[in-house]
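In what follows, a structure is listed as structure tokens, so that the remarks can point back to it.
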Amino acid sequence: MKSIPEIQQEIVEEFEMFDDWMQRYEYMIELGKSLPLIDEKYKTDEYIIKGCQSKVWVHADLNEDKIEFTADSDAIITKGIIAILIRSFSGQPPQEILDADTSFIDKIGLKEHLSPTRANGLVSMIKQIKLYAVAYKAKAENS
Amino acid sequence: MASVDTSLHFDVEKIRADFPILKRKVNDKPLVYFDNAATSQTPQQVIDVIVDYYSRYNANIHRGVHALSQEATDAYEQARIKIQKHFNIPNAYQTLFTSGTTHGINMVASGFASILEAGDEVIVSALEHHSNIVPWQMLCEKTGAQLKVIPMLENGTLDMQAFDRLLSEKTKLVFVNHVSNALGTVNPIEELISKTHNVGGAVLVDGAQAAPHIKADLQALDVDFYVVSAHKMCGPTGVGMLYGKEEWLTKLPPYQGGGEMIDQVTFEKTTYAGLPHKFEAGTPNICGGIAFGAALDYMNAIGFDQIAEYEHELLEYATSRLKAIDGLRIYGDIPNKTAVISFNIKGVHPYDMGTILDKLGIAVRTGHHCAQPIMDFYKIPGTVRASFAFYNTKDEIDTLIAGVERARNMLV
Ligand SMILES: Cc1ncc(COP(=O)(O)O)c(C=O)c1O
């Protein structure tokens, strides 16, 4: 299994193939469309991430000792960003997720989406992913 | 490409030269600024006034005997008179400086906390900005008064028949915007005011979105309160105006305690200063007030009739071009509106559209525009809102149209 930094490097290399923002966004929209859909039953307010102009739902399951994330959004660009995050974090152990950084988002030319004041909730999304990791780590340690 | 308007009275290229920000590039593209309903841009003439204030006569007002304080006080009070004249307010002391529309509304709402009683009713419209909803909800919680809502119709106007049914002798206050920020609808405030007065109620009109386009004569309107923000009419942020009828301003208690608003202070009892100082505690936004006056001078020199006529031309042009785009819907597409177009394209989230347009250097607003009830009415998460000012051009609208089409091709 590839580590988080390895996957992120792979994503950075994919994005390096594009010369301009249009192509990067088109690719992101493609990724958004191919995002494995979250189970409808998790598309409720309980799983919604607040502070987004677009709605974002994130759900996590522990599979053996790895966390599997599923997510969705009503906006396609937001979905593309989620797809990138999920590809980077899903199927990884909680500790690896907690240790991971997200500076690769910057490297793929999506820096503006990382601003904490941007209303897309990417920052809250990352926070939510990390919170799931904290919760599952605590659960694993207590059981 | 559409040609630039060259009518005798209105030289848009000359006007554009007054706005340094319009020369900016965003994402390597020339800025197309269509978020004027959120905040308008500032002409050099107003920027100069701000620089001059801090360079030459920055001082606290109404207190010093020294020259700078006197100059600052004079300039601030002159600005008040400019605002008074602009809105045809009877007296300067009824022209209160605020930090903006939100502040003005809160001042009135908090004053009414000592006037309203359980069983009283207040009426809000479904087209309001959250600023003109939340303070009244808080007031109702405090006083036990009941909040009633004038519903909206599918075309983005108010259901005036429903309003007639809501009105009764229990109605103490009606608060409604002159122009809706989310849709641009011009509301029939004359009718709302006279009908409310007939049952003995008072009316607050939120003029934030009207003031940049319509020169309101507040005496002719006979409105009880009117509030605006300078930053939507070529002035700086953090300053605005609250007008109130004298009887109301006398009756309402002060909003904040502090310096400036007192007559005598002892630990036993403080007596309040007269108007306007009773409502102007603390050091105000002095420079902002002066610059607000300068902004009105600037707009009046161009002329509000000319502005309205030109903006209407932009609105009609943009409306007809947008409507030609497949799957595009305009919300509130009615004749009587200001130069605001709220739209969506079928299958496209407004956030996605706004993101792509930003990449193209086009600034629009996306989301619920602080008017969630309108979005709930249409069952949409939000809209894309392009709002025009008198310094925009048809060429810029062409850029928007090309941008919307490009975004649509990417997103659908
Ligand atoms: C209709 C309306 N009311 C109130 C406000 C709030 O104005 P401010 O933020 O300047 O207080 C706005 C601004 O967006 C508005 O459009």
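By convention in this document, the chains of the structure tokens carry letters A, B, ... by their order, each chain's residues are numbered from 1, and ligands are numbered from 1 in the order they are shown.
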
Tell me as a PDB file with N, CA, C and O atoms, in the first residue's frame which residues belonging to chain B come within 7 Å of chain A, counting only C-alpha atoms.
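Result went into out05.pdb, see below:
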ATOM      1  N   HIS B 349     -24.022  24.469  -9.905  1.00  0.00           N
ATOM      2  CA  HIS B 349     -24.073  25.078  -8.584  1.00  0.00           C
ATOM      3  C   HIS B 349     -23.486  26.490  -8.663  1.00  0.00           C
ATOM      4  O   HIS B 349     -22.449  26.693  -9.297  1.00  0.00           O
ATOM      5  N   TYR B 351     -21.790  28.180  -6.695  1.00  0.00           N
ATOM      6  CA  TYR B 351     -20.399  28.257  -6.222  1.00  0.00           C
ATOM      7  C   TYR B 351     -19.417  27.897  -7.339  1.00  0.00           C
ATOM      8  O   TYR B 351     -18.369  28.534  -7.499  1.00  0.00           O
ATOM      9  N   ASP B 352     -19.761  26.876  -8.126  1.00  0.00           N
ATOM     10  CA  ASP B 352     -18.897  26.471  -9.237  1.00  0.00           C
ATOM     11  C   ASP B 352     -18.812  27.587 -10.279  1.00  0.00           C
ATOM     12  O   ASP B 352     -17.737  27.904 -10.784  1.00  0.00           O
ATOM     13  N   GLY B 367     -24.083  32.517  -3.685  1.00  0.00           N
ATOM     14  CA  GLY B 367     -24.554  32.066  -2.384  1.00  0.00           C
ATOM     15  C   GLY B 367     -25.947  32.578  -2.107  1.00  0.00           C
ATOM     16  O   GLY B 367     -26.696  32.888  -3.036  1.00  0.00           O
ATOM     17  N   MET B 410     -17.800  23.925 -19.192  1.00  0.00           N
ATOM     18  CA  MET B 410     -16.934  23.129 -18.326  1.00  0.00           C
ATOM     19  C   MET B 410     -17.740  22.329 -17.311  1.00  0.00           C
ATOM     20  O   MET B 410     -17.359  21.219 -16.938  1.00  0.00           O
TER      21      MET B 410
END

Write out as an mmCIF file with all heavy atoms, in the first residue's frame which residues come within 8 Å of segment 153-161 of chain B when counting only C-alpha atoms, dropping same-chain ones fewer than 3 positions away.
data_model
loop_
_atom_site.group_PDB
_atom_site.id
_atom_site.type_symbol
_atom_site.label_atom_id
_atom_site.label_comp_id
_atom_site.auth_asym_id
_atom_site.auth_seq_id
_atom_site.Cartn_x
_atom_site.Cartn_y
_atom_site.Cartn_z
ATOM 1 N N SER B 125 -40.661 41.691 5.658
ATOM 2 C CA SER B 125 -40.959 41.108 4.346
ATOM 3 C C SER B 125 -40.076 39.900 4.098
ATOM 4 O O SER B 125 -38.997 39.769 4.680
ATOM 5 C CB SER B 125 -40.782 42.146 3.236
ATOM 6 O OG SER B 125 -39.542 41.974 2.581
ATOM 7 N N ALA B 126 -40.540 39.039 3.212
ATOM 8 C CA ALA B 126 -39.798 37.818 2.889
ATOM 9 C C ALA B 126 -38.555 38.132 2.066
ATOM 10 O O ALA B 126 -37.720 37.264 1.836
ATOM 11 C CB ALA B 126 -40.696 36.851 2.113
ATOM 12 N N LEU B 127 -38.425 39.375 1.619
ATOM 13 C CA LEU B 127 -37.317 39.723 0.727
ATOM 14 C C LEU B 127 -36.145 40.350 1.476
ATOM 15 O O LEU B 127 -35.267 40.951 0.864
ATOM 16 C CB LEU B 127 -37.795 40.710 -0.347
ATOM 17 C CG LEU B 127 -38.794 40.201 -1.380
ATOM 18 C CD1 LEU B 127 -39.218 41.341 -2.307
ATOM 19 C CD2 LEU B 127 -38.191 39.081 -2.204
ATOM 20 N N ILE B 150 -44.530 39.199 5.353
ATOM 21 C CA ILE B 150 -45.208 39.403 4.061
ATOM 22 C C ILE B 150 -44.591 38.416 3.078
ATOM 23 O O ILE B 150 -43.394 38.505 2.795
ATOM 24 C CB ILE B 150 -44.977 40.818 3.490
ATOM 25 C CG1 ILE B 150 -45.154 41.902 4.553
ATOM 26 C CG2 ILE B 150 -45.877 41.067 2.274
ATOM 27 C CD1 ILE B 150 -44.650 43.275 4.101
ATOM 28 N N ASP B 164 -51.979 43.363 3.152
ATOM 29 C CA ASP B 164 -53.231 43.973 3.618
ATOM 30 C C ASP B 164 -53.885 43.131 4.715
ATOM 31 O O ASP B 164 -54.435 43.668 5.673
ATOM 32 C CB ASP B 164 -54.225 44.127 2.449
ATOM 33 C CG ASP B 164 -53.763 45.187 1.460
ATOM 34 O OD1 ASP B 164 -52.902 46.015 1.831
ATOM 35 O OD2 ASP B 164 -54.253 45.179 0.311
ATOM 36 N N ARG B 165 -53.799 41.821 4.545
ATOM 37 C CA ARG B 165 -54.429 40.940 5.546
ATOM 38 C C ARG B 165 -53.651 40.932 6.861
ATOM 39 O O ARG B 165 -54.220 40.724 7.924
ATOM 40 C CB ARG B 165 -54.551 39.520 4.992
ATOM 41 C CG ARG B 165 -55.583 39.393 3.870
ATOM 42 C CD ARG B 165 -55.909 37.940 3.558
ATOM 43 N NE ARG B 165 -54.788 37.202 3.014
ATOM 44 C CZ ARG B 165 -54.480 37.188 1.711
ATOM 45 N NH1 ARG B 165 -55.216 37.853 0.831
ATOM 46 N NH2 ARG B 165 -53.445 36.505 1.282
ATOM 47 N N LEU B 183 -32.350 40.137 -5.265
ATOM 48 C CA LEU B 183 -33.033 40.095 -6.557
ATOM 49 C C LEU B 183 -33.061 41.440 -7.279
ATOM 50 O O LEU B 183 -33.248 41.492 -8.490
ATOM 51 C CB LEU B 183 -34.483 39.617 -6.369
ATOM 52 C CG LEU B 183 -34.679 38.277 -5.654
ATOM 53 C CD1 LEU B 183 -36.164 37.991 -5.486
ATOM 54 C CD2 LEU B 183 -33.998 37.141 -6.407
ATOM 55 N N THR B 185 -35.419 43.663 -6.740
ATOM 56 C CA THR B 185 -36.814 44.129 -6.745
ATOM 57 C C THR B 185 -36.952 45.476 -6.042
ATOM 58 O O THR B 185 -36.476 45.630 -4.926
ATOM 59 C CB THR B 185 -37.708 43.137 -5.958
ATOM 60 O OG1 THR B 185 -37.392 41.818 -6.375
ATOM 61 C CG2 THR B 185 -39.171 43.442 -6.120
ATOM 62 N N ASN B 187 -39.369 47.599 -4.062
ATOM 63 C CA ASN B 187 -40.621 47.349 -3.352
ATOM 64 C C ASN B 187 -41.517 48.588 -3.338
ATOM 65 O O ASN B 187 -41.013 49.712 -3.344
ATOM 66 C CB ASN B 187 -40.323 46.891 -1.916
ATOM 67 C CG ASN B 187 -39.794 45.474 -1.893
ATOM 68 O OD1 ASN B 187 -40.338 44.601 -2.563
ATOM 69 N ND2 ASN B 187 -38.721 45.249 -1.159
ATOM 70 N N TYR B 331 -33.884 35.074 -11.534
ATOM 71 C CA TYR B 331 -34.863 35.168 -10.444
ATOM 72 C C TYR B 331 -35.260 36.631 -10.279
ATOM 73 O O TYR B 331 -34.397 37.495 -10.153
ATOM 74 C CB TYR B 331 -34.273 34.612 -9.143
ATOM 75 C CG TYR B 331 -33.904 33.156 -9.291
ATOM 76 C CD1 TYR B 331 -32.628 32.781 -9.699
ATOM 77 C CD2 TYR B 331 -34.856 32.166 -9.088
ATOM 78 C CE1 TYR B 331 -32.294 31.452 -9.885
ATOM 79 C CE2 TYR B 331 -34.540 30.822 -9.273
ATOM 80 C CZ TYR B 331 -33.263 30.472 -9.667
ATOM 81 O OH TYR B 331 -32.943 29.158 -9.864
ATOM 82 N N GLY B 332 -36.567 36.872 -10.290
ATOM 83 C CA GLY B 332 -37.035 38.243 -10.128
ATOM 84 C C GLY B 332 -36.855 39.061 -11.392
ATOM 85 O O GLY B 332 -36.383 40.193 -11.343
ATOM 86 N N ASP B 333 -37.210 38.473 -12.522
ATOM 87 C CA ASP B 333 -37.080 39.173 -13.800
ATOM 88 C C ASP B 333 -38.326 40.025 -14.028
ATOM 89 O O ASP B 333 -39.259 39.633 -14.731
ATOM 90 C CB ASP B 333 -36.908 38.135 -14.921
ATOM 91 C CG ASP B 333 -36.680 38.798 -16.265
ATOM 92 O OD1 ASP B 333 -36.302 39.984 -16.280
ATOM 93 O OD2 ASP B 333 -36.893 38.127 -17.294
ATOM 94 N N ILE B 334 -38.334 41.203 -13.419
ATOM 95 C CA ILE B 334 -39.497 42.092 -13.520
ATOM 96 C C ILE B 334 -39.012 43.459 -14.001
ATOM 97 O O ILE B 334 -37.817 43.756 -13.907
ATOM 98 C CB ILE B 334 -40.203 42.241 -12.148
ATOM 99 C CG1 ILE B 334 -39.148 42.549 -11.061
ATOM 100 C CG2 ILE B 334 -41.009 41.026 -11.802
ATOM 101 C CD1 ILE B 334 -39.694 43.198 -9.841
ATOM 102 N N TYR B 378 -37.326 29.653 -3.422
ATOM 103 C CA TYR B 378 -37.079 29.082 -4.753
ATOM 104 C C TYR B 378 -36.500 27.661 -4.679
ATOM 105 O O TYR B 378 -36.237 27.039 -5.703
ATOM 106 C CB TYR B 378 -36.121 29.973 -5.544
ATOM 107 C CG TYR B 378 -36.723 31.280 -6.005
ATOM 108 C CD1 TYR B 378 -36.205 32.499 -5.569
ATOM 109 C CD2 TYR B 378 -37.806 31.303 -6.879
ATOM 110 C CE1 TYR B 378 -36.748 33.708 -6.000
ATOM 111 C CE2 TYR B 378 -38.358 32.502 -7.308
ATOM 112 C CZ TYR B 378 -37.830 33.702 -6.867
ATOM 113 O OH TYR B 378 -38.365 34.885 -7.293
#

- Query: Quick one: residues within 8 Å of ligand 1, with only C-alpha atoms and all ligand atoms, as a PyMOL selection string?
  - Reply: chain B and resi 37-39+99-104+128-132+177-182+206-209+228-232+237-240+369-370

Please give the complete set of residues from segment 205-300 of chain B that DSSP, run on the backbone, assigns to alpha helix (DSSP H), formatted as a short mmCIF file (atom, residue, chain, number, x, y, z; two decimals) with all heavy atoms, in the first residue's frame.
data_model
loop_
_atom_site.label_atom_id
_atom_site.label_comp_id
_atom_site.auth_asym_id
_atom_site.auth_seq_id
_atom_site.Cartn_x
_atom_site.Cartn_y
_atom_site.Cartn_z
N LEU B 218 -36.93 61.64 1.57
CA LEU B 218 -37.48 60.98 2.77
C LEU B 218 -38.69 61.72 3.34
O LEU B 218 -39.55 61.10 3.95
CB LEU B 218 -36.39 60.79 3.82
CG LEU B 218 -35.20 59.94 3.36
CD1 LEU B 218 -34.26 59.65 4.51
CD2 LEU B 218 -35.65 58.63 2.72
N GLN B 219 -38.75 63.04 3.12
CA GLN B 219 -39.95 63.75 3.59
C GLN B 219 -41.15 63.40 2.72
O GLN B 219 -42.25 63.17 3.23
CB GLN B 219 -39.73 65.25 3.55
CG GLN B 219 -38.84 65.72 4.70
CD GLN B 219 -38.77 67.23 4.77
OE1 GLN B 219 -39.72 67.87 5.20
NE2 GLN B 219 -37.63 67.77 4.36
N ALA B 220 -40.93 63.34 1.43
CA ALA B 220 -42.05 63.00 0.53
C ALA B 220 -42.52 61.57 0.81
O ALA B 220 -43.72 61.29 0.79
CB ALA B 220 -41.62 63.15 -0.92
N LEU B 221 -41.57 60.69 1.10
CA LEU B 221 -41.94 59.30 1.38
C LEU B 221 -42.72 59.19 2.69
O LEU B 221 -43.47 58.25 2.90
CB LEU B 221 -40.69 58.42 1.49
CG LEU B 221 -40.09 57.89 0.20
CD1 LEU B 221 -38.80 57.13 0.51
CD2 LEU B 221 -41.07 56.97 -0.53
N GLU B 246 -38.49 63.11 13.88
CA GLU B 246 -38.09 63.74 15.14
C GLU B 246 -38.83 63.14 16.34
O GLU B 246 -38.22 62.86 17.37
CB GLU B 246 -38.31 65.25 15.07
CG GLU B 246 -37.77 65.97 16.29
CD GLU B 246 -37.56 67.45 16.05
OE1 GLU B 246 -37.91 67.94 14.96
OE2 GLU B 246 -37.06 68.11 16.97
N GLU B 247 -40.12 62.92 16.17
CA GLU B 247 -40.89 62.39 17.30
C GLU B 247 -40.34 61.03 17.75
O GLU B 247 -40.29 60.74 18.95
CB GLU B 247 -42.38 62.30 16.92
CG GLU B 247 -42.64 61.28 15.83
CD GLU B 247 -43.87 61.60 14.96
OE1 GLU B 247 -43.78 62.53 14.13
OE2 GLU B 247 -44.87 60.90 15.12
N TRP B 248 -39.91 60.24 16.79
CA TRP B 248 -39.38 58.92 17.13
C TRP B 248 -38.01 59.03 17.78
O TRP B 248 -37.73 58.37 18.78
CB TRP B 248 -39.29 58.03 15.90
CG TRP B 248 -40.59 57.41 15.51
CD1 TRP B 248 -41.27 57.59 14.35
CD2 TRP B 248 -41.37 56.50 16.30
NE1 TRP B 248 -42.43 56.86 14.36
CE2 TRP B 248 -42.52 56.18 15.54
CE3 TRP B 248 -41.23 55.93 17.58
CZ2 TRP B 248 -43.51 55.31 16.00
CZ3 TRP B 248 -42.21 55.06 18.04
CH2 TRP B 248 -43.33 54.77 17.26
N LEU B 249 -37.16 59.86 17.21
CA LEU B 249 -35.80 59.98 17.75
C LEU B 249 -35.84 60.55 19.16
O LEU B 249 -35.00 60.24 20.00
CB LEU B 249 -34.93 60.84 16.83
CG LEU B 249 -34.65 60.25 15.45
CD1 LEU B 249 -33.73 61.18 14.65
CD2 LEU B 249 -34.02 58.86 15.54
N THR B 250 -36.82 61.38 19.43
CA THR B 250 -36.96 61.94 20.78
C THR B 250 -37.45 60.85 21.73
O THR B 250 -36.99 60.76 22.87
CB THR B 250 -37.97 63.11 20.75
OG1 THR B 250 -37.58 63.98 19.69
CG2 THR B 250 -38.00 63.85 22.06
N LYS B 251 -38.35 60.04 21.24
CA LYS B 251 -38.99 59.02 22.08
C LYS B 251 -38.05 57.84 22.38
O LYS B 251 -38.07 57.29 23.50
CB LYS B 251 -40.22 58.51 21.32
CG LYS B 251 -41.23 57.80 22.18
CD LYS B 251 -42.55 57.75 21.40
CE LYS B 251 -43.49 56.73 21.96
NZ LYS B 251 -44.66 56.55 21.06
N ILE B 286 -14.86 59.41 11.83
CA ILE B 286 -14.86 60.82 11.39
C ILE B 286 -14.51 60.91 9.91
O ILE B 286 -15.23 61.51 9.10
CB ILE B 286 -13.86 61.64 12.24
CG1 ILE B 286 -14.23 61.55 13.72
CG2 ILE B 286 -13.83 63.10 11.77
CD1 ILE B 286 -13.15 62.01 14.67
N CYS B 287 -13.39 60.30 9.58
CA CYS B 287 -12.94 60.33 8.19
C CYS B 287 -13.99 59.70 7.28
O CYS B 287 -14.28 60.21 6.19
CB CYS B 287 -11.62 59.58 8.09
SG CYS B 287 -11.01 59.50 6.42
N GLY B 288 -14.57 58.59 7.75
CA GLY B 288 -15.59 57.90 6.95
C GLY B 288 -16.79 58.79 6.69
O GLY B 288 -17.33 58.82 5.58
N GLY B 289 -17.22 59.52 7.71
CA GLY B 289 -18.36 60.42 7.55
C GLY B 289 -18.07 61.50 6.52
O GLY B 289 -18.89 61.80 5.64
N ILE B 290 -16.88 62.07 6.61
CA ILE B 290 -16.49 63.13 5.67
C ILE B 290 -16.43 62.56 4.25
O ILE B 290 -16.91 63.17 3.29
CB ILE B 290 -15.13 63.74 6.09
CG1 ILE B 290 -15.26 64.40 7.47
CG2 ILE B 290 -14.63 64.73 5.04
CD1 ILE B 290 -13.95 64.81 8.12
N ALA B 291 -15.87 61.36 4.14
CA ALA B 291 -15.75 60.73 2.82
C ALA B 291 -17.13 60.34 2.27
O ALA B 291 -17.35 60.34 1.05
CB ALA B 291 -14.84 59.51 2.90
N PHE B 292 -18.06 59.99 3.14
CA PHE B 292 -19.44 59.69 2.72
C PHE B 292 -20.02 60.93 2.04
O PHE B 292 -20.61 60.85 0.96
CB PHE B 292 -20.25 59.28 3.95
CG PHE B 292 -21.66 58.82 3.69
CD1 PHE B 292 -22.15 58.64 2.40
CD2 PHE B 292 -22.52 58.54 4.77
CE1 PHE B 292 -23.46 58.21 2.18
CE2 PHE B 292 -23.82 58.11 4.55
CZ PHE B 292 -24.29 57.96 3.26
N GLY B 293 -19.81 62.08 2.66
CA GLY B 293 -20.27 63.34 2.06
C GLY B 293 -19.65 63.54 0.68
O GLY B 293 -20.34 63.93 -0.28
N ALA B 294 -18.36 63.26 0.57
CA ALA B 294 -17.66 63.43 -0.71
C ALA B 294 -18.21 62.47 -1.76
O ALA B 294 -18.31 62.81 -2.95
CB ALA B 294 -16.16 63.22 -0.52
N ALA B 295 -18.57 61.26 -1.32
CA ALA B 295 -19.11 60.27 -2.25
C ALA B 295 -20.45 60.75 -2.82
O ALA B 295 -20.73 60.60 -4.01
CB ALA B 295 -19.28 58.92 -1.56
N LEU B 296 -21.27 61.36 -1.95
CA LEU B 296 -22.55 61.89 -2.43
C LEU B 296 -22.31 63.04 -3.40
O LEU B 296 -23.00 63.15 -4.42
CB LEU B 296 -23.41 62.36 -1.25
CG LEU B 296 -23.99 61.26 -0.37
CD1 LEU B 296 -24.79 61.86 0.76
CD2 LEU B 296 -24.87 60.32 -1.20
N ASP B 297 -21.33 63.89 -3.10
CA ASP B 297 -20.98 64.97 -4.04
C ASP B 297 -20.63 64.38 -5.39
O ASP B 297 -21.07 64.87 -6.43
CB ASP B 297 -19.76 65.76 -3.53
CG ASP B 297 -20.13 66.71 -2.41
OD1 ASP B 297 -21.33 66.97 -2.22
OD2 ASP B 297 -19.20 67.21 -1.73
N TYR B 298 -19.82 63.33 -5.35
CA TYR B 298 -19.36 62.72 -6.59
C TYR B 298 -20.55 62.18 -7.40
O TYR B 298 -20.68 62.45 -8.60
CB TYR B 298 -18.36 61.59 -6.29
CG TYR B 298 -17.88 60.90 -7.54
CD1 TYR B 298 -16.86 61.46 -8.29
CD2 TYR B 298 -18.47 59.72 -7.99
CE1 TYR B 298 -16.44 60.86 -9.48
CE2 TYR B 298 -18.06 59.12 -9.16
CZ TYR B 298 -17.04 59.69 -9.90
OH TYR B 298 -16.63 59.10 -11.07
N MET B 299 -21.41 61.43 -6.74
CA MET B 299 -22.54 60.83 -7.46
C MET B 299 -23.53 61.88 -7.94
O MET B 299 -24.07 61.79 -9.04
CB MET B 299 -23.23 59.77 -6.60
CG MET B 299 -22.36 58.54 -6.37
SD MET B 299 -23.20 57.21 -5.51
CE MET B 299 -24.28 56.55 -6.79
N ASN B 300 -23.74 62.90 -7.12
CA ASN B 300 -24.67 63.95 -7.52
C ASN B 300 -24.13 64.76 -8.69
O ASN B 300 -24.90 65.28 -9.50
CB ASN B 300 -25.00 64.86 -6.33
CG ASN B 300 -26.09 64.24 -5.47
OD1 ASN B 300 -27.13 63.84 -5.97
ND2 ASN B 300 -25.84 64.14 -4.17
#

- Query: Within 9 Å of segment 391-395 of chain B, counting only C-alpha atoms, which residues qualify if same-chain residues fewer than 2 places away don't, as number ranges by chain?
  - Reply: B: 1-5, 12-13, 15-16, 19, 22, 32-34, 311, 313-314, 317-318, 388-389, 397-400

Could you save those same residues with C-alpha atoms as a PDB file, in the first residue's frame?
ATOM      1  CA  MET B   1     -18.710  43.610 -29.265  1.00  0.00           C
ATOM      2  CA  ALA B   2     -21.163  46.224 -28.083  1.00  0.00           C
ATOM      3  CA  SER B   3     -20.112  49.808 -28.479  1.00  0.00           C
ATOM      4  CA  VAL B   4     -19.492  52.084 -25.536  1.00  0.00           C
ATOM      5  CA  ASP B   5     -22.348  54.370 -24.683  1.00  0.00           C
ATOM      6  CA  VAL B  12     -18.509  56.136 -19.041  1.00  0.00           C
ATOM      7  CA  GLU B  13     -14.852  56.080 -20.080  1.00  0.00           C
ATOM      8  CA  ILE B  15     -16.058  58.086 -15.259  1.00  0.00           C
ATOM      9  CA  ARG B  16     -14.001  54.885 -15.280  1.00  0.00           C
ATOM     10  CA  PHE B  19     -11.717  54.631 -10.338  1.00  0.00           C
ATOM     11  CA  LEU B  22     -10.830  49.340 -12.364  1.00  0.00           C
ATOM     12  CA  VAL B  32     -14.666  42.986 -14.330  1.00  0.00           C
ATOM     13  CA  TYR B  33     -16.308  44.093 -11.117  1.00  0.00           C
ATOM     14  CA  PHE B  34     -19.923  43.011 -10.900  1.00  0.00           C
ATOM     15  CA  GLU B 311     -27.666  51.394 -15.341  1.00  0.00           C
ATOM     16  CA  GLU B 313     -29.528  50.224 -20.162  1.00  0.00           C
ATOM     17  CA  LEU B 314     -26.842  47.892 -18.769  1.00  0.00           C
ATOM     18  CA  TYR B 317     -28.617  44.511 -22.231  1.00  0.00           C
ATOM     19  CA  ALA B 318     -27.309  41.962 -19.716  1.00  0.00           C
ATOM     20  CA  PHE B 388     -23.894  46.662 -12.030  1.00  0.00           C
ATOM     21  CA  ALA B 389     -22.799  50.190 -11.283  1.00  0.00           C
ATOM     22  CA  ILE B 397     -21.156  42.418 -19.848  1.00  0.00           C
ATOM     23  CA  ASP B 398     -19.927  40.727 -23.024  1.00  0.00           C
ATOM     24  CA  THR B 399     -17.000  39.388 -20.994  1.00  0.00           C
ATOM     25  CA  LEU B 400     -19.453  38.079 -18.402  1.00  0.00           C
TER      26      LEU B 400
END

- Message: For segment 401-403 of chain B, find every residue with an atom within 7 Å (counting only C-alpha atoms), except residues of its own chain fewer than 4 positions away, and show them as a list in words.
- Response: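 The residues satisfying every condition are Leu322, Leu357, Leu360, Ile397 and Ala407 of chain B.
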
Saved selection, atoms kept: N, CA and C atoms, as a short mmCIF file (atom, residue, chain, number, x, y, z; two decimals), in the first residue's frame:
data_model
loop_
_atom_site.label_atom_id
_atom_site.label_comp_id
_atom_site.auth_asym_id
_atom_site.auth_seq_id
_atom_site.Cartn_x
_atom_site.Cartn_y
_atom_site.Cartn_z
N LEU B 322 -28.16 37.31 -21.21
CA LEU B 322 -28.14 36.15 -20.31
C LEU B 322 -29.28 35.18 -20.64
N LEU B 357 -15.79 32.00 -12.90
CA LEU B 357 -15.82 33.41 -13.30
C LEU B 357 -14.67 34.18 -12.64
N LEU B 360 -11.61 33.99 -14.38
CA LEU B 360 -11.61 34.81 -15.60
C LEU B 360 -11.57 36.31 -15.27
N ILE B 397 -20.06 43.39 -19.85
CA ILE B 397 -21.16 42.42 -19.85
C ILE B 397 -20.88 41.33 -20.89
N ALA B 407 -17.94 28.69 -18.55
CA ALA B 407 -18.14 27.94 -17.30
C ALA B 407 -19.19 26.85 -17.51
#

- Out of A:Ile97, A:Ile108, A:Ile38, A:Val12, which residue has the shortest atom-to-atom distance to Lys137 of chain A when counting only C-alpha atoms?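 Comparing A:Ile97, A:Ile108, A:Ile38, A:Val12 against Lys137 of chain A, the winner is A:Ile97.
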
- Take atom CA of Arg56 of chain B and atom CA of Arg24 of chain B and report the distance between them in Å, one decimal. 28.7 Å

- Who sits within 8 Å of segment 69-73 of chain A, only C-alpha atoms, same chain under 6 positions skipped, as a list in words: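 In the requested format, the answer is Leu35, Pro36, Leu37, Ile38, Asp39, Lys43, Ser54, Lys55, Val56, Trp57, Val58, His59, Ala60, Asp61, Lys79, Ile82, Ile86, Phe89, Ser90 and Gly91 of chain A.
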
- Item | One-decimal distance in Å that lies between atom CA of Lys359 of chain B and atom CA of Asp28 of chain B | 8.9 Å

- Item | Spatial neighbours of segment 335-338 of chain B, max dist 6 Å, only C-alpha atoms, sep filter under 2 positions, as an MDAnalysis selection string | chainID B and resid 184:186 340

Extract, using only C-alpha atoms, all DNA, RNA and protein residues at most 10 Å from Ala59 of chain B, discarding same-chain residues fewer than 2 positions from it, and format them as a tab-separated table (two decimals) with C-alpha atoms, in the first residue's frame.
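See part-v3.tsv below for the written result:
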chain	number	residue	atom	x	y	z
B	53	TYR	CA	-8.11	64.05	6.25
B	54	TYR	CA	-5.30	61.89	7.63
B	56	ARG	CA	-3.91	67.44	7.28
B	57	TYR	CA	-6.56	67.56	9.98
B	61	ILE	CA	-14.36	66.14	17.02
B	62	HIS	CA	-16.75	68.17	19.17
B	63	ARG	CA	-14.27	68.33	22.04
B	64	GLY	CA	-11.11	70.22	21.26
B	66	HIS	CA	-7.65	73.55	18.94
B	67	ALA	CA	-7.62	74.23	15.22
B	68	LEU	CA	-7.44	70.66	13.98
B	69	SER	CA	-10.36	69.55	16.11
B	70	GLN	CA	-12.37	72.48	14.84
B	71	GLU	CA	-11.55	71.72	11.21
B	72	ALA	CA	-12.41	68.06	11.62
B	73	THR	CA	-15.66	68.93	13.41
B	286	ILE	CA	-14.86	60.82	11.39
B	287	CYS	CA	-12.94	60.33	8.19

- If you run DSSP over the backbone, which residues in segment 21-198 of chain B end up strand (DSSP E or B)? Put them as a ChimeraX atom specification. /B:25-26,29-30,32-33,35,95-98,121-125,146-150,152,158,171-177,179,185-186

- Identify which of the residues B:Thr271, B:Asn36, B:Thr283, B:Asn27 lies closest to Ala386 of chain B, counting only C-alpha atoms when measuring atom-to-atom distances.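 Smallest separation from Ala386 of chain B among the options: B:Asn36.
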